[in-house]
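Engineer: One structure, pasted below without further comment.
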Amino acid sequence: MEKNKILVVYNTCGFSGKEKVSWYIKCINSILRQNFEGFHVVISCCGNSRNTITTLLKEFKGKVSFNFTNQRITVNQSFNHAVQKTVENLGEFESYLYVDSGINFGDFGDL
């Protein structure tokens with residue numbers, strides 16, 4: 001298995017108060033089901049509620065990495081921070097992919 005080809009940064013933001021943790025879980029699972037070797041997912045949580053964080057940790061601990069911040073920063077700052085912290089732990093990747101929390105890769109049966 002090839003390692004560290006693509007780091008997928010799944011970005012969530014809770015400052016609006018409109019978190020949809022069940023949707024996040026569905027979307028993250030759609031990423032994890034992709035048939036591609038060498039990718040790793042980091043969930044970037046910016047301003048998310050304790051409930052959302054706890055639920056995501058329970059669902060994905062050991063499957064993905066996490067990056068948490070409560071600072072009101074821009075999307076590119078939260079993305080860069082998630083990349084930097086993950087690289088510190090796992091090393092460099094060949095490429096880095098930003099995925100907004102509204103994106104669902106769908107099921108293979110949906111094609």
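Chain identifiers are assigned as A, B, and so on, following the order in which chains appear in the structure tokens; residues are numbered from 1 within each chain, and ligands are numbered from 1 in order of appearance.
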Would you pick out the contacts of A:Phe105 at 9 Å or less, using only C-alpha atoms, so that residues sharing its chain but fewer than 5 positions from it are not included, and give the list as JSON, numbers by chain?
Structural biologist: {"A": [27, 28, 29, 30, 31, 34]}
Engineer: Could you write out, as a PyMOL selection string, all the residues of chain A that DSSP marks as helix (DSSP H, G or I)?
Structural biologist: chain A and resi 21-32+50-60+75-90+108-110
Engineer: Compile the contact shell of stretch 59-73 of chain A as an MDAnalysis selection string: residues with an atom at most 10 Å away, counting only C-alpha atoms, same-chain residues fewer than 5 positions apart removed.
Structural biologist: chainID A and resid 8:15 25 28:29 32 40:49 53:54 78:79 81:86 89:90
Engineer: Of the candidates A:Phe93, A:Phe36, A:Val21, A:Tyr98, which one gets nearest to A:Arg50 if we count only C-alpha atoms?
Structural biologist: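 Counting only C-alpha atoms, the residue closest to A:Arg50 is A:Val21.
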Engineer: Using DSSP assignments from the backbone, pull out every residue in stretch 32-110 of chain A that falls under strand (DSSP E or B) and give it to me as a PyMOL selection string.
Structural biologist: chain A and resi 39-46+61+64-69+95-100
Engineer: I'd like to know which of A:Leu97, A:Gly106, A:Leu56, A:Glu37 is closest to A:Asn4, using only C-alpha atoms.
Structural biologist: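 Among A:Leu97, A:Gly106, A:Leu56, A:Glu37, it is A:Glu37 that comes nearest to A:Asn4.
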Engineer: When distances are computed from only C-alpha atoms, which of A:Gln77, A:Glu92, A:Arg33, A:Gly17 shows the smallest separation from A:Lys3?
Structural biologist: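 Checking each candidate against A:Lys3, we get A:Glu92 as the closest.
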Engineer: Taking into account only C-alpha atoms, which residue in the set A:Gly91, A:Trp23, A:Lys5, A:Asn51 is nearest to A:Ile103?
Structural biologist: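 Among A:Gly91, A:Trp23, A:Lys5, A:Asn51, it is A:Trp23 that comes nearest to A:Ile103.
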Engineer: Counting only C-alpha atoms, which residue out of A:Asn80, A:Ser95, A:Thr74, A:Ser22 sits closest to A:Leu7?
Structural biologist: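 Looking at the shortest contact to A:Leu7, the residue is A:Ser95.
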Engineer: Just to confirm, what's the straight-line distance from atom CA of A:Tyr24 to atom CA of A:Thr55 in Å (one decimal)?
Structural biologist: 10.2 Å
